[in-house]
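Data from work34.csv: CSV, C-alpha atoms and all ligand atoms
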chain,number,residue,atom,x,y,z
A,1,MET,CA,179.3,18.3,79.8
A,2,HIS,CA,177.7,18.5,83.2
A,3,ILE,CA,177.7,16.2,86.2
A,4,GLU,CA,175.0,16.1,88.8
A,5,THR,CA,176.5,15.1,92.1
A,6,ASP,CA,173.6,14.7,94.5
A,7,PRO,CA,172.8,11.0,94.9
A,8,LYS,CA,169.9,9.6,92.9
A,9,LEU,CA,168.2,6.5,94.4
A,10,ASP,CA,166.6,3.3,93.2
A,11,PHE,CA,164.3,1.0,95.2
A,12,LYS,CA,167.3,-1.1,96.2
A,13,ASP,CA,169.1,1.8,97.8
A,14,VAL,CA,166.5,2.5,100.5
A,15,LEU,CA,164.3,0.9,103.1
A,16,ILE,CA,161.2,2.5,104.8
A,17,ARG,CA,161.7,3.4,108.5
A,18,PRO,CA,159.0,2.1,110.8
A,19,LYS,CA,157.0,4.6,112.8
A,20,ARG,CA,155.2,4.4,116.1
A,21,SER,CA,151.4,4.2,115.6
A,22,THR,CA,148.2,3.1,117.1
A,23,LEU,CA,147.3,0.9,114.1
A,24,ASN,CA,147.5,-2.7,115.0
A,25,SER,CA,145.7,-4.6,112.3
A,26,ARG,CA,146.4,-4.9,108.6
A,27,SER,CA,142.7,-5.1,107.9
A,28,ALA,CA,142.3,-1.6,109.3
A,29,VAL,CA,144.2,0.0,106.4
A,30,ASP,CA,142.6,1.1,103.2
A,31,VAL,CA,144.6,0.5,100.0
A,32,THR,CA,142.2,2.3,97.6
A,33,ARG,CA,142.5,5.9,96.4
A,34,THR,CA,140.1,8.4,94.9
A,35,PHE,CA,141.5,10.7,92.2
A,36,ARG,CA,140.0,13.6,90.4
A,37,PHE,CA,141.8,14.1,87.1
A,38,VAL,CA,143.0,17.5,86.2
A,39,HIS,CA,141.8,17.7,82.6
A,40,THR,CA,138.6,15.8,82.8
A,41,GLY,CA,137.3,16.4,86.3
A,42,HIS,CA,136.4,12.7,86.3
A,43,GLU,CA,136.7,10.8,89.6
A,44,TRP,CA,138.1,7.3,89.9
A,45,THR,CA,138.3,5.1,93.0
A,46,GLY,CA,140.2,1.8,93.2
A,47,PHE,CA,143.5,0.1,94.0
A,48,PRO,CA,146.0,2.1,91.9
A,49,LEU,CA,147.9,-0.7,90.5
A,50,ILE,CA,148.2,-1.0,86.7
A,51,ALA,CA,149.3,-4.0,84.6
A,52,ALA,CA,151.7,-2.8,81.9
A,53,ASN,CA,150.6,-2.5,78.3
A,54,MET,CA,152.9,-5.4,77.3
A,55,ASP,CA,151.2,-8.1,75.1
A,56,THR,CA,152.1,-10.7,77.7
A,57,VAL,CA,150.4,-9.0,80.7
A,58,GLY,CA,148.2,-6.2,79.4
A,59,THR,CA,145.5,-8.7,78.5
A,60,PHE,CA,141.7,-9.0,78.6
A,61,SER,CA,142.0,-11.9,81.1
A,62,MET,CA,144.2,-9.8,83.3
A,63,ALA,CA,141.5,-7.1,83.3
A,64,LYS,CA,138.9,-9.6,84.4
A,65,ALA,CA,141.1,-11.0,87.2
A,66,PHE,CA,142.0,-7.4,88.4
A,67,ALA,CA,138.4,-6.2,88.5
A,68,PRO,CA,137.5,-7.7,91.9
A,69,PHE,CA,140.6,-5.9,93.3
A,70,GLY,CA,139.7,-2.6,91.8
A,71,ALA,CA,143.0,-2.6,90.0
A,72,MET,CA,143.6,-1.5,86.4
A,73,VAL,CA,145.1,-2.9,83.2
A,74,ALA,CA,146.7,-1.0,80.3
A,75,LEU,CA,145.6,-3.2,77.5
A,76,HIS,CA,148.3,-3.8,74.9
A,77,LYS,CA,147.9,-2.2,71.6
A,78,HIS,CA,148.1,-5.3,69.4
A,79,TYR,CA,144.5,-6.5,69.9
A,80,PRO,CA,142.4,-6.1,66.7
A,81,ALA,CA,140.1,-3.1,66.8
A,82,GLU,CA,137.0,-5.3,66.7
A,83,ARG,CA,138.1,-7.2,69.8
A,84,LEU,CA,138.8,-4.0,71.6
A,85,VAL,CA,135.4,-2.6,70.8
A,86,GLU,CA,133.7,-5.7,72.1
A,87,PHE,CA,135.8,-5.7,75.3
A,88,LEU,CA,135.2,-2.0,75.9
A,89,LYS,CA,131.5,-2.7,76.0
A,90,SER,CA,132.0,-5.1,79.0
A,91,ASP,CA,131.5,-4.2,82.6
A,92,VAL,CA,135.3,-4.3,83.5
A,93,ALA,CA,136.0,-1.6,80.8
A,94,HIS,CA,136.0,1.2,83.4
A,95,ASN,CA,139.3,-0.1,84.8
A,96,VAL,CA,141.2,-0.4,81.6
A,97,PHE,CA,143.4,2.0,79.6
A,98,TYR,CA,143.4,1.8,75.8
A,99,SER,CA,147.1,2.0,74.8
A,100,ILE,CA,148.5,3.9,71.8
A,101,GLY,CA,151.9,5.0,70.5
A,102,ILE,CA,152.1,8.0,68.2
A,103,THR,CA,151.9,6.4,64.8
A,104,THR,CA,149.2,7.3,62.3
A,105,GLU,CA,148.0,3.7,62.5
A,106,ASP,CA,147.6,3.9,66.3
A,107,LEU,CA,145.6,7.2,66.0
A,108,ASP,CA,143.4,5.9,63.2
A,109,LYS,CA,142.6,2.8,65.1
A,110,LEU,CA,141.7,4.8,68.2
A,111,ALA,CA,139.4,7.0,66.1
A,112,PHE,CA,137.8,3.9,64.6
A,113,VAL,CA,137.2,2.3,68.1
A,114,ARG,CA,136.0,5.6,69.6
A,115,LYS,CA,133.2,5.9,67.0
A,116,GLN,CA,131.7,2.7,68.3
A,117,VAL,CA,132.3,2.7,72.0
A,118,PRO,CA,133.5,5.3,74.6
A,119,VAL,CA,137.2,5.2,75.3
A,120,THR,CA,137.5,6.6,78.8
A,121,LYS,CA,141.2,6.1,79.6
A,122,ILE,CA,144.1,6.3,77.2
A,123,CYS,CA,147.7,5.3,77.8
A,124,MET,CA,150.1,7.1,75.4
A,125,ASP,CA,153.2,5.1,75.6
A,126,VAL,CA,156.5,5.8,73.8
A,127,ALA,CA,160.0,4.7,74.8
A,128,ASN,CA,161.3,8.3,74.7
A,129,GLY,CA,158.8,10.8,76.0
A,130,TYR,CA,161.2,13.7,75.3
A,131,SER,CA,160.4,14.2,71.7
A,132,GLU,CA,158.6,17.3,70.4
A,133,GLN,CA,156.4,15.0,68.3
A,134,PHE,CA,155.2,13.2,71.4
A,135,LEU,CA,154.2,16.4,73.1
A,136,GLN,CA,152.4,17.5,70.0
A,137,THR,CA,150.6,14.2,69.8
A,138,VAL,CA,149.5,14.4,73.5
A,139,LYS,CA,148.0,17.8,72.7
A,140,ARG,CA,146.2,16.4,69.7
A,141,VAL,CA,144.9,13.4,71.6
A,142,ARG,CA,143.7,15.7,74.4
A,143,ASP,CA,141.9,17.9,71.9
A,144,GLU,CA,140.2,14.9,70.2
A,145,ASN,CA,139.3,13.2,73.5
A,146,PRO,CA,138.3,15.9,75.9
A,147,ASP,CA,136.6,13.4,78.3
A,148,ALA,CA,139.3,10.7,78.4
A,149,VAL,CA,141.8,10.4,81.2
A,150,ILE,CA,145.2,10.4,79.5
A,151,MET,CA,148.3,8.9,80.9
A,152,ALA,CA,151.5,9.7,79.0
A,153,GLY,CA,155.2,8.8,79.1
A,154,ALA,CA,157.8,7.6,79.5
A,155,ILE,CA,159.7,10.4,81.2
A,156,VAL,CA,161.9,10.7,84.3
A,157,THR,CA,162.3,14.4,85.1
A,158,GLY,CA,160.1,17.1,86.6
A,159,GLU,CA,160.3,19.6,83.7
A,160,MET,CA,159.0,17.0,81.3
A,161,ALA,CA,156.3,15.9,83.8
A,162,GLU,CA,155.1,19.6,83.8
A,163,ALA,CA,155.2,19.9,80.0
A,164,LEU,CA,153.1,16.7,79.5
A,165,ILE,CA,150.5,17.8,82.0
A,166,LEU,CA,150.3,21.2,80.5
A,167,ALA,CA,149.9,19.5,77.1
A,168,GLY,CA,146.9,17.5,78.3
A,169,ALA,CA,148.1,14.5,80.2
A,170,ASP,CA,146.3,13.8,83.5
A,171,ILE,CA,148.9,11.2,84.6
A,172,VAL,CA,152.6,11.1,83.7
A,173,LYS,CA,154.2,7.7,83.3
A,174,VAL,CA,157.6,7.7,84.9
A,175,GLY,CA,160.5,5.3,84.2
A,176,ILE,CA,163.1,5.0,81.5
A,177,GLY,CA,165.3,1.9,81.5
A,178,SER,CA,164.0,0.5,84.8
A,179,GLY,CA,162.0,-2.4,83.4
A,180,SER,CA,162.8,-6.0,84.0
A,181,VAL,CA,163.1,-6.9,80.3
A,182,CYS,CA,164.4,-3.5,79.2
A,183,THR,CA,167.9,-3.2,77.8
A,184,THR,CA,167.8,0.6,77.1
A,185,ARG,CA,170.5,1.3,79.8
A,186,ASP,CA,172.9,-1.3,78.4
A,187,LEU,CA,172.3,-0.2,74.9
A,188,THR,CA,172.2,3.6,75.3
A,189,GLY,CA,173.6,4.5,78.7
A,190,VAL,CA,170.4,6.5,79.3
A,191,GLY,CA,168.2,6.2,82.3
A,192,TYR,CA,167.4,7.5,85.8
A,193,PRO,CA,167.2,5.7,89.1
A,194,GLN,CA,163.5,5.0,89.6
A,195,LEU,CA,162.8,6.1,93.2
A,196,SER,CA,164.4,9.5,92.5
A,197,ALA,CA,162.6,9.8,89.2
A,198,VAL,CA,159.3,9.2,91.0
A,199,ILE,CA,160.1,11.7,93.8
A,200,GLU,CA,161.0,14.4,91.4
A,201,CYS,CA,158.2,13.9,88.9
A,202,ALA,CA,155.6,13.6,91.6
A,203,ASP,CA,156.7,16.9,93.1
A,204,ALA,CA,156.3,18.6,89.7
A,205,ALA,CA,153.1,16.8,88.7
A,206,HIS,CA,151.3,17.4,92.0
A,207,GLY,CA,152.1,21.1,91.7
A,208,LEU,CA,149.8,21.1,88.6
A,209,ARG,CA,147.3,18.8,90.2
A,210,GLY,CA,148.4,15.9,87.9
A,211,GLN,CA,149.2,12.4,88.9
A,212,VAL,CA,152.2,10.1,88.5
A,213,CYS,CA,152.5,6.5,87.6
A,214,SER,CA,155.7,4.7,88.5
A,215,ASP,CA,156.5,2.4,85.7
A,216,GLY,CA,159.1,-0.4,85.8
A,217,GLY,CA,161.6,-1.6,88.3
A,218,CYS,CA,159.4,-3.2,91.0
A,219,THR,CA,160.7,-6.7,91.7
A,220,VAL,CA,159.0,-7.5,95.1
A,221,PRO,CA,155.9,-6.1,96.8
A,222,GLY,CA,158.1,-3.9,99.0
A,223,ASP,CA,159.1,-1.9,96.0
A,224,ILE,CA,155.5,-1.1,95.3
A,225,ALA,CA,155.2,0.3,98.9
A,226,LYS,CA,158.4,2.3,98.2
A,227,ALA,CA,157.0,3.7,95.0
A,228,PHE,CA,153.9,4.9,96.8
A,229,GLY,CA,156.1,6.3,99.6
A,230,ALA,CA,158.0,8.2,97.0
A,231,GLY,CA,154.8,9.9,95.9
A,232,ALA,CA,153.5,7.7,93.0
A,233,ASP,CA,149.8,7.8,92.7
A,234,PHE,CA,149.8,4.7,90.5
A,235,VAL,CA,152.3,1.8,90.1
A,236,MET,CA,152.6,-0.1,86.8
A,237,LEU,CA,153.9,-3.7,86.8
A,238,GLY,CA,155.2,-5.9,84.1
A,239,GLY,CA,157.6,-8.6,85.3
A,240,MET,CA,155.9,-9.1,88.7
A,241,LEU,CA,152.7,-10.1,86.8
A,242,ALA,CA,154.4,-12.4,84.2
A,243,GLY,CA,154.0,-16.2,84.2
A,244,HIS,CA,150.3,-16.3,85.2
A,245,ASP,CA,147.3,-17.9,83.6
A,246,GLU,CA,146.0,-14.5,82.6
A,247,CYS,CA,149.1,-13.8,80.6
A,248,GLU,CA,149.4,-14.4,76.9
A,249,GLY,CA,152.7,-16.1,76.2
A,250,ARG,CA,154.2,-19.4,75.2
A,251,VAL,CA,154.0,-21.9,78.1
A,252,ARG,CA,156.7,-24.6,78.5
A,253,HIS,CA,155.6,-27.9,79.8
A,254,GLU,CA,157.7,-30.7,81.2
A,255,GLN,CA,156.8,-34.4,81.7
A,256,ARG,CA,156.6,-35.2,85.4
A,257,ASP,CA,155.4,-38.7,86.5
A,258,GLY,CA,153.9,-39.2,83.1
A,259,GLU,CA,152.0,-36.0,83.2
A,260,SER,CA,152.6,-32.8,81.3
A,261,VAL,CA,152.9,-29.8,83.7
A,262,ALA,CA,153.4,-26.1,83.0
A,263,VAL,CA,156.8,-25.0,84.3
A,264,GLY,CA,157.7,-21.8,82.5
A,265,MET,CA,156.3,-19.0,80.5
A,266,GLU,CA,157.9,-16.6,77.9
A,267,PHE,CA,158.1,-12.9,78.9
A,268,TYR,CA,159.6,-10.3,76.7
A,269,GLY,CA,160.0,-6.5,76.3
A,270,MET,CA,157.8,-4.7,73.8
A,271,SER,CA,160.9,-3.6,71.9
A,272,SER,CA,162.6,-7.0,72.0
A,273,ASP,CA,163.4,-9.1,68.9
A,274,THR,CA,160.5,-11.4,69.9
A,275,ALA,CA,158.0,-8.5,69.9
A,276,MET,CA,159.4,-6.9,66.8
A,277,ASN,CA,159.3,-10.2,64.9
A,278,LYS,CA,155.8,-10.8,66.0
A,279,TYR,CA,154.3,-7.4,65.1
A,280,HIS,CA,156.7,-5.7,62.7
A,281,GLY,CA,158.2,-8.6,60.8
A,282,GLY,CA,161.6,-8.1,62.3
A,283,VAL,CA,163.9,-5.4,63.8
A,284,ALA,CA,164.2,-2.4,61.4
A,285,ASP,CA,167.8,-1.8,60.1
A,286,TYR,CA,168.2,1.6,61.8
A,287,ARG,CA,167.4,0.4,65.3
A,288,ALA,CA,168.5,-2.2,67.8
A,289,ALA,CA,166.2,-4.2,70.1
A,290,GLU,CA,165.8,-2.4,73.4
A,291,GLY,CA,164.3,-5.3,75.2
A,292,LYS,CA,165.0,-8.9,76.0
A,293,THR,CA,163.2,-12.2,76.2
A,294,VAL,CA,163.2,-14.4,79.3
A,295,GLU,CA,161.5,-17.4,80.7
A,296,VAL,CA,159.8,-16.9,84.0
A,297,THR,CA,158.5,-19.6,86.3
A,298,TYR,CA,154.8,-20.5,85.7
A,299,ARG,CA,152.8,-19.3,88.6
A,300,GLY,CA,149.2,-20.2,88.1
A,301,PRO,CA,146.3,-17.7,88.7
A,302,VAL,CA,147.3,-14.0,89.2
A,303,LYS,CA,144.9,-13.7,92.1
A,304,ALA,CA,147.4,-15.2,94.6
A,305,THR,CA,150.1,-12.7,93.4
A,306,LEU,CA,147.7,-9.8,93.8
A,307,GLN,CA,146.8,-11.0,97.3
A,308,GLU,CA,150.5,-11.1,98.1
A,309,ILE,CA,150.9,-7.6,96.8
A,310,THR,CA,148.0,-6.1,98.7
A,311,GLY,CA,149.0,-8.1,101.8
A,312,GLY,CA,152.5,-6.7,101.6
A,313,LEU,CA,151.3,-3.1,101.1
A,314,ARG,CA,148.8,-3.4,104.0
A,315,SER,CA,151.6,-4.7,106.3
A,316,SER,CA,153.9,-1.9,105.1
A,317,MET,CA,151.2,0.7,105.9
A,318,THR,CA,150.8,-0.8,109.4
A,319,TYR,CA,154.5,-0.5,110.0
A,320,ILE,CA,154.4,3.3,109.2
A,321,GLY,CA,151.0,3.9,110.7
A,322,ALA,CA,149.2,4.9,107.5
A,323,THR,CA,145.5,4.1,107.6
A,324,ARG,CA,145.0,5.2,104.0
A,325,LEU,CA,147.1,4.9,101.0
A,326,LYS,CA,147.0,8.6,100.5
A,327,GLU,CA,148.8,9.1,103.8
A,328,VAL,CA,151.8,6.9,102.8
A,329,PRO,CA,154.1,9.6,101.4
A,330,LYS,CA,153.6,11.8,104.4
A,331,ARG,CA,154.4,8.9,106.8
A,332,THR,CA,157.4,7.6,104.7
A,333,THR,CA,161.0,8.2,105.8
A,334,PHE,CA,163.5,6.4,103.5
A,335,VAL,CA,166.8,5.3,105.0
A,336,MET,CA,169.6,4.8,102.6
A,337,VAL,CA,171.1,1.3,102.9
A,338,GLY,CA,173.9,-0.8,101.6
A,339,ALA,CA,172.0,-4.0,101.5
A,340,GLN,CA,168.3,-4.9,101.4
A,341,ARG,CA,168.3,-8.1,103.4
A,342,ASN,CA,170.2,-11.1,104.7
A,343,THR,CA,171.2,-13.3,101.8
A,344,VAL,CA,172.8,-16.2,103.6
A,345,PHE,CA,170.4,-18.8,102.2
A,346,ASP,CA,170.2,-17.5,98.7
A,347,ARG,CA,172.8,-19.9,97.3
A,401,LIG,P1,158.8,-4.2,85.0
A,401,LIG,O1,157.6,-4.1,85.8
A,401,LIG,O2,158.8,-5.5,84.2
A,401,LIG,O3,160.1,-3.9,85.7
A,401,LIG,O4,158.7,-3.0,83.9
A,401,LIG,C1,157.6,-2.9,83.0
A,401,LIG,C2,157.8,-1.7,82.1
A,401,LIG,O5,159.0,-1.9,81.3
A,401,LIG,C3,156.7,-1.5,81.0
A,401,LIG,O6,155.6,-0.9,81.6
A,401,LIG,C4,157.5,-0.6,80.0
A,401,LIG,O7,157.5,0.7,80.4
A,401,LIG,C5,158.9,-1.2,80.1
A,401,LIG,N1,159.2,-2.0,78.9
A,401,LIG,C6,158.5,-3.1,78.4
A,401,LIG,N2,159.1,-3.6,77.4
A,401,LIG,C7,160.2,-2.9,77.1
A,401,LIG,C8,161.2,-2.9,76.2
A,401,LIG,O8,161.3,-3.8,75.3
A,401,LIG,N3,162.2,-2.0,76.3
A,401,LIG,C9,162.2,-1.0,77.2
A,401,LIG,N4,163.1,-0.1,77.2
A,401,LIG,N5,161.2,-0.9,78.2
A,401,LIG,C10,160.3,-1.8,78.1

Taking this structure as input, can you express it in the form of structure tokens?
Amino acid sequence: MHIETDPKLDFKDVLIRPKRSTLNSRSAVDVTRTFRFVHTGHEWTGFPLIAANMDTVGTFSMAKAFAPFGAMVALHKHYPAERLVEFLKSDVAHNVFYSIGITTEDLDKLAFVRKQVPVTKICMDVANGYSEQFLQTVKRVRDENPDAVIMAGAIVTGEMAEALILAGADIVKVGIGSGSVCTTRDLTGVGYPQLSAVIECADAAHGLRGQVCSDGGCTVPGDIAKAFGAGADFVMLGGMLAGHDECEGRVRHEQRDGESVAVGMEFYGMSSDTAMNKYHGGVADYRAAEGKTVEVTYRGPVKATLQEITGGLRSSMTYIGATRLKEVPKRTTFVMVGAQRNTVFDR
């Protein structure tokens, strides 16, 4: 047994220290980034936010709403192949990831889709990115898709970030147990504080010219700024995007003044009972659900939430004097804190 004693941090453990600067307008900051990917040489420019490949938020409608912001969507893997083919022919397809696990079914479906339409970005997502089988599958998918940008995870440590990039991933997806509807930490005791995971994985990945996507754990726009400050190149969101018109999920209505109004929407983890009943006919005997089901407040179109996120990020960049998103880590000093804010009116 071994104990690591240096502190590991989560978003809630830090705040970003303001820095003196000449920047005085939020509109003067640029929240887009341009990346060249290590294995493909392709270039991408946009707002590096990604909707998670959960069947509630990683939807076609989300991709359409994200397109004007230059943000991306990792489509969930449960769309039928024909619908994916049709969607990948549309003009928003350049900002979507095609998601797969490592089952034969997933790989066969990708091969089928790829015969009909180019698949330019692939999100290889497994709960535990530490298995040898995952690494081998990343190598195989890289060999079979030399021109596709590959994002792979989930992992939380530098040595695994390096291994995945060397195996063929352009972007590593960082975060285990940090998700809003994830119960992995309760069930297994496994996880890693998200901010430290991003700092350590970014350090390792950048050394190999790879990129890092911080996945899970963002609860407010400020957490997104912290993830970028920690060195994340992309930030993936699930819960913060739940409850919108663009989501696929059961909506609960209430009668108010004789009218039926939407008040809540179902949101669940992709390994929850809800998802497993929906797609696999139940939870297999040998495993337990590692996700939960919640109801979030119905929030209308996602555009307003995206504006709040970009507005928060722009303001954050103004506080630290970063004109471009790329400069954010260099201009970030985190201070460790005991509390995030004044909670007097929370009750
Ligand atoms: P959030 O932004 O909601 O905090 O986190 C979203 C991330 O949670 C997803 O991108 C995915 O990595 C993770 N996630 C989604 N569903 C589940 C689940 O059922 N179990 C676990 N362990 N993680 C999940």

Write out as JSON lines the residues of range 240-311 of chain A that have any atom within 6 Å of an atom of range 178-194 of chain A, one row each with the nearest atom pair and its distance in Å to one decimal, counting all atoms listed in the file, sorted by chain and then rising number.
{"residue": "A:Gly269", "atom": "CA", "partner": "A:Val181", "partner_atom": "CA", "distance": 5.1}
{"residue": "A:Glu290", "atom": "CA", "partner": "A:Thr183", "partner_atom": "CA", "distance": 4.9}
{"residue": "A:Gly291", "atom": "CA", "partner": "A:Cys182", "partner_atom": "CA", "distance": 4.4}
{"residue": "A:Lys292", "atom": "CA", "partner": "A:Val181", "partner_atom": "CA", "distance": 5.1}

Residues at most 6 Å from range 334-339 of chain A, counting only C-alpha atoms, excluding those fewer than 4 positions away in the same chain, as a list in words?
Asp13, Val14, Leu15 and Ile16 of chain A

Mind pulling up the distance from CA of Ala71 in chain A to CA of Pro48 in chain A?
5.9 Å

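Here the question is which of A:Phe60, A:Tyr286, A:Phe37, A:Phe11 gets nearest to ligand LIG 401 (chain A) using all atoms listed in the file, and that residue is A:Phe11.
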
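Among A:Arg347, A:Ala74, A:Val38, A:Tyr298, the residue with the shortest atom-to-atom distance to His206 in chain A, counting all atoms listed in the file, is A:Val38.
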
If you count all atoms listed in the file, the residue of A:Val117, A:Ala202, A:Leu208, A:Ile224 closest to ligand LIG 401 (chain A) turns out to be A:Ile224

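Of the residues under consideration (A:Asp143, A:Asp55, A:Glu295, A:Glu162), A:Asp55 shows the shortest atom-to-atom contact distance to Lys278 in chain A when counting all atoms listed in the file.
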
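CA of Lys226 in chain A is positioned 29.3 Å from CA of His2 in chain A.
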
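With all atoms listed in the file as the atoms that count, the residue of A:Lys77, A:Lys12, A:Arg252, A:His39 with the shortest distance to Asp170 in chain A is A:His39.
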
If you count all atoms listed in the file, which residues fall within 9 Å of Asp203 in chain A, apart from same-chain ones fewer than 4 positions away, as number ranges by chain?
A: 158, 198-199, 207, 231

For CA of Val220 in chain A and CA of Ala242 in chain A, quote the distance in Å rounded to one decimal.
12.8 Å

Trp44 in chain A: which residues within 9 Å, counting all atoms listed in the file, same-chain residues fewer than 2 positions away excluded, as an NGL selection string?
:A and (33-37 or 42 or 46)

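Nearest to ligand LIG 401 (chain A) of all the residues A:Ile3, A:Cys218, A:Cys247, A:Val296 is A:Cys218, based on all atoms listed in the file.
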
Residue contacts of Phe234 in chain A (7 Å, only C-alpha atoms) excluding same-chain residues fewer than 4 positions away, as a PyMOL selection string
chain A and resi 48-49+212-214

Enumerate, as a ChimeraX atom specification, the protein, DNA and RNA residues whose atoms approach (150.8, 0.9, 105.1) to within 9 Å, taking into account only C-alpha atoms and the coordinate frame of the file.
/A:26,29-31,225,312-325,327-328,331

Using only C-alpha atoms, please write the residues we just selected to a file, as a short mmCIF file (atom, residue, chain, number, x, y, z; two decimals), keeping the file's coordinate frame.
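Result saved to selection.cif:
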data_model
loop_
_atom_site.label_atom_id
_atom_site.label_comp_id
_atom_site.auth_asym_id
_atom_site.auth_seq_id
_atom_site.Cartn_x
_atom_site.Cartn_y
_atom_site.Cartn_z
CA ARG A 26 146.40 -4.90 108.60
CA VAL A 29 144.20 0.00 106.40
CA ASP A 30 142.60 1.10 103.20
CA VAL A 31 144.60 0.50 100.00
CA ALA A 225 155.20 0.30 98.90
CA GLY A 312 152.50 -6.70 101.60
CA LEU A 313 151.30 -3.10 101.10
CA ARG A 314 148.80 -3.40 104.00
CA SER A 315 151.60 -4.70 106.30
CA SER A 316 153.90 -1.90 105.10
CA MET A 317 151.20 0.70 105.90
CA THR A 318 150.80 -0.80 109.40
CA TYR A 319 154.50 -0.50 110.00
CA ILE A 320 154.40 3.30 109.20
CA GLY A 321 151.00 3.90 110.70
CA ALA A 322 149.20 4.90 107.50
CA THR A 323 145.50 4.10 107.60
CA ARG A 324 145.00 5.20 104.00
CA LEU A 325 147.10 4.90 101.00
CA GLU A 327 148.80 9.10 103.80
CA VAL A 328 151.80 6.90 102.80
CA ARG A 331 154.40 8.90 106.80
#

Find the smallest box with edges along x, y and z containing every listed atom of range 327-336 of chain A, then add 4 Å on each side and report centre and edge lengths in Å to one decimal, as lines of an AutoDock Vina configuration file.
center_x = 159.2
center_y = 8.3
center_z = 104.1
size_x = 28.8
size_y = 15.0
size_z = 13.4
